[in-house]
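S.K.: I am attaching a structure below and will ask some questions about it afterwards.
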Amino acid sequence: MPISRRTALKRVFIVAGGVIFLPACLHHKDKSTLALRRIRLEGDQQETLEALADTLLPAGSSPSDRTLGAQAVGAHLFALKMIDDCYPDTQQQLFMRGLEAFDEQVRRQYGKSFGSCDQKQRENLVSAIDASASEKINDLLFFFRENKNLVIRGYLGSQYFLTKIEVYELVPGRWHGCTPVSKKS
């Protein structure tokens, strides 16, 4: 069956377009979902940061408490972006070494990744690291302290928090024109 030149060109362009866009459709588990310029996440480090954010600020535990946690609002992605964009190279390297040390400590203590641990194991590990925060600062403590501060800041600045939990009003706020004024003698 003969094919016209127009049909052949259409098919070539369709195949070429598919080949060009195919890598964008494939999602690798070991790559970050956030475009970072200077730091590189390896393996399941993003999963570790998600689980750590969820441990620091978990979602509501009862059906009546339907608040979202830090992981649901993407506070861990805010922390990563802040480290990548705003911190100097030395602190970025310290943060990444601390993340690796955190992964090593979890694997040494539980024999699995932080994301695979149950909630009780995560809470025990986080409270142990938080209790040792008064000791000499090393890579692990720098990572934990900076990540915790940035996750909390990301959660408190999220759209969810500012519209559902602590409703933010622009300055000067509301004007109550019909408020009675009492005379004091």
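Residue numbering restarts at 1 for every chain of the structure tokens, chains are lettered A, B, ... in their displayed order, and ligands are numbered from 1 as they appear.
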Give me the residues within 12 Å of Met82 in chain A as a list in words, counting only C-alpha atoms and dropping any in the same chain fewer than 2 places off.

M.R.: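 So, after excluding close chain neighbours, the residues are Leu34, Leu36, Arg37, Arg38, Ile39, Ala75, His76, Leu77, Phe78, Ala79, Leu80, Asp84, Asp85, Cys86, Tyr87, Pro88, Gln91, Gln92, Phe95, Glu146, Asn147, Asn149, Leu150, Val151, Arg153 and Gly154 of chain A.
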
S.K.: Within 10 Å of range 42-53 of chain A, counting only C-alpha atoms, which residues show up once you throw out same-chain ones fewer than 6 positions away? Write them as a ChimeraX atom specification, please.

M.R.: /A:28-34,69-72,74-77,79-80,96,99-100,102-103,113-117,119,122-123,126,144,147-148,150-152,155

S.K.: Just to be explicit: take each residue in the selection above, keep N, CA and C atoms, and write the result as a JSON list (two decimals), in the first residue's frame.

M.R.:
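Below is the file again25.json, written as the result:
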[["chain", "number", "residue", "atom", "x", "y", "z"],
["A", 28, "HIS", "N", 11.38, 8.43, 37.67],
["A", 28, "HIS", "CA", 12.29, 7.56, 38.40],
["A", 28, "HIS", "C", 12.13, 7.81, 39.89],
["A", 29, "LYS", "N", 12.07, 6.75, 40.66],
["A", 29, "LYS", "CA", 11.89, 6.85, 42.11],
["A", 29, "LYS", "C", 13.10, 7.51, 42.78],
["A", 30, "ASP", "N", 14.28, 7.35, 42.20],
["A", 30, "ASP", "CA", 15.47, 7.87, 42.84],
["A", 30, "ASP", "C", 15.74, 9.33, 42.54],
["A", 31, "LYS", "N", 14.89, 9.98, 41.75],
["A", 31, "LYS", "CA", 15.09, 11.38, 41.44],
["A", 31, "LYS", "C", 14.12, 12.24, 42.23],
["A", 32, "SER", "N", 14.52, 13.46, 42.50],
["A", 32, "SER", "CA", 13.69, 14.39, 43.25],
["A", 32, "SER", "C", 12.55, 14.90, 42.37],
["A", 33, "THR", "N", 11.40, 15.15, 42.99],
["A", 33, "THR", "CA", 10.28, 15.71, 42.25],
["A", 33, "THR", "C", 10.38, 17.22, 42.16],
["A", 34, "LEU", "N", 11.39, 17.79, 42.78],
["A", 34, "LEU", "CA", 11.60, 19.22, 42.80],
["A", 34, "LEU", "C", 12.89, 19.52, 42.05],
["A", 69, "GLY", "N", -1.03, 17.45, 57.66],
["A", 69, "GLY", "CA", 0.30, 17.49, 58.23],
["A", 69, "GLY", "C", 1.28, 18.21, 57.31],
["A", 70, "ALA", "N", 2.53, 18.26, 57.73],
["A", 70, "ALA", "CA", 3.56, 18.96, 56.97],
["A", 70, "ALA", "C", 3.82, 18.29, 55.63],
["A", 71, "GLN", "N", 3.72, 16.98, 55.58],
["A", 71, "GLN", "CA", 3.96, 16.28, 54.32],
["A", 71, "GLN", "C", 2.88, 16.62, 53.30],
["A", 72, "ALA", "N", 1.64, 16.71, 53.72],
["A", 72, "ALA", "CA", 0.53, 16.98, 52.81],
["A", 72, "ALA", "C", 0.60, 18.37, 52.19],
["A", 74, "GLY", "N", 3.44, 19.96, 51.68],
["A", 74, "GLY", "CA", 4.72, 20.07, 50.97],
["A", 74, "GLY", "C", 5.76, 20.88, 51.71],
["A", 75, "ALA", "N", 5.73, 20.87, 53.03],
["A", 75, "ALA", "CA", 6.70, 21.64, 53.81],
["A", 75, "ALA", "C", 8.12, 21.11, 53.62],
["A", 76, "HIS", "N", 8.26, 19.81, 53.36],
["A", 76, "HIS", "CA", 9.60, 19.24, 53.12],
["A", 76, "HIS", "C", 10.17, 19.76, 51.80],
["A", 77, "LEU", "N", 9.33, 20.02, 50.82],
["A", 77, "LEU", "CA", 9.80, 20.59, 49.55],
["A", 77, "LEU", "C", 10.23, 22.04, 49.74],
["A", 79, "ALA", "N", 11.51, 23.20, 52.50],
["A", 79, "ALA", "CA", 12.81, 23.12, 53.19],
["A", 79, "ALA", "C", 13.93, 22.83, 52.18],
["A", 80, "LEU", "N", 13.69, 21.89, 51.28],
["A", 80, "LEU", "CA", 14.70, 21.58, 50.26],
["A", 80, "LEU", "C", 15.00, 22.79, 49.38],
["A", 96, "MET", "N", 23.67, 18.04, 53.58],
["A", 96, "MET", "CA", 23.64, 16.75, 52.87],
["A", 96, "MET", "C", 24.42, 15.68, 53.63],
["A", 99, "LEU", "N", 22.15, 14.60, 56.37],
["A", 99, "LEU", "CA", 21.10, 13.71, 55.86],
["A", 99, "LEU", "C", 21.63, 12.30, 55.69],
["A", 100, "GLU", "N", 22.85, 12.18, 55.17],
["A", 100, "GLU", "CA", 23.46, 10.85, 55.03],
["A", 100, "GLU", "C", 23.72, 10.22, 56.39],
["A", 102, "PHE", "N", 22.02, 10.81, 59.08],
["A", 102, "PHE", "CA", 20.70, 10.45, 59.60],
["A", 102, "PHE", "C", 20.26, 9.11, 59.02],
["A", 103, "ASP", "N", 20.43, 8.95, 57.70],
["A", 103, "ASP", "CA", 20.10, 7.67, 57.05],
["A", 103, "ASP", "C", 20.91, 6.52, 57.64],
["A", 113, "SER", "N", 15.08, 1.79, 56.05],
["A", 113, "SER", "CA", 15.05, 3.23, 55.83],
["A", 113, "SER", "C", 14.04, 3.90, 56.76],
["A", 114, "PHE", "N", 14.18, 5.20, 56.92],
["A", 114, "PHE", "CA", 13.30, 5.96, 57.81],
["A", 114, "PHE", "C", 11.86, 5.90, 57.32],
["A", 115, "GLY", "N", 11.65, 5.94, 56.01],
["A", 115, "GLY", "CA", 10.31, 5.85, 55.45],
["A", 115, "GLY", "C", 9.65, 4.52, 55.70],
["A", 116, "SER", "N", 10.43, 3.45, 55.88],
["A", 116, "SER", "CA", 9.89, 2.11, 56.14],
["A", 116, "SER", "C", 9.60, 1.86, 57.61],
["A", 117, "CYS", "N", 10.10, 2.71, 58.48],
["A", 117, "CYS", "CA", 9.86, 2.54, 59.92],
["A", 117, "CYS", "C", 8.42, 2.89, 60.26],
["A", 119, "GLN", "N", 5.46, 4.52, 62.88],
["A", 119, "GLN", "CA", 5.39, 5.84, 63.51],
["A", 119, "GLN", "C", 6.08, 5.86, 64.87],
["A", 122, "ARG", "N", 9.84, 6.05, 64.36],
["A", 122, "ARG", "CA", 10.20, 7.40, 63.90],
["A", 122, "ARG", "C", 10.21, 8.39, 65.05],
["A", 123, "GLU", "N", 9.16, 8.34, 65.87],
["A", 123, "GLU", "CA", 9.06, 9.27, 66.99],
["A", 123, "GLU", "C", 10.18, 9.05, 68.01],
["A", 126, "VAL", "N", 13.42, 10.52, 66.43],
["A", 126, "VAL", "CA", 13.39, 11.99, 66.39],
["A", 126, "VAL", "C", 13.54, 12.57, 67.80],
["A", 144, "PHE", "N", 19.29, 18.08, 61.30],
["A", 144, "PHE", "CA", 18.02, 17.92, 61.99],
["A", 144, "PHE", "C", 17.45, 19.28, 62.41],
["A", 147, "ASN", "N", 16.45, 21.37, 59.20],
["A", 147, "ASN", "CA", 15.30, 20.77, 58.55],
["A", 147, "ASN", "C", 14.04, 21.01, 59.38],
["A", 148, "LYS", "N", 14.14, 20.83, 60.68],
["A", 148, "LYS", "CA", 12.98, 21.04, 61.56],
["A", 148, "LYS", "C", 12.49, 22.48, 61.48],
["A", 150, "LEU", "N", 12.95, 24.69, 59.06],
["A", 150, "LEU", "CA", 12.42, 25.01, 57.74],
["A", 150, "LEU", "C", 11.08, 24.31, 57.47],
["A", 151, "VAL", "N", 10.92, 23.11, 57.97],
["A", 151, "VAL", "CA", 9.63, 22.41, 57.81],
["A", 151, "VAL", "C", 8.54, 23.16, 58.57],
["A", 152, "ILE", "N", 8.83, 23.60, 59.78],
["A", 152, "ILE", "CA", 7.85, 24.36, 60.56],
["A", 152, "ILE", "C", 7.54, 25.68, 59.87],
["A", 155, "TYR", "N", 5.35, 24.99, 56.88],
["A", 155, "TYR", "CA", 3.98, 24.66, 57.25],
["A", 155, "TYR", "C", 3.22, 25.91, 57.68]]

S.K.: My list of candidates is A:Leu125, A:Arg6, A:Gly98, A:Pro180. Which is closest to Tyr110 in chain A when distances are computed with only C-alpha atoms?

M.R.: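 Result for the nearest residue to Tyr110 in chain A: A:Leu125.
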
S.K.: Could you check the closest approach to Ser132 in chain A for each of A:Arg145, A:Ala8, A:Gly17, A:Thr67 and tell me which residue wins, using only C-alpha atoms?

M.R.: A:Arg145

S.K.: Tell me which protein, DNA and RNA residues are within 9 Å of Phe161 in chain A, counting only C-alpha atoms, leaving out same-chain ones fewer than 5 positions away, and put them as a list in words.

M.R.: Thr67, Leu68, Val73, Tyr155, Leu156, Glu166 and Val167 of chain A
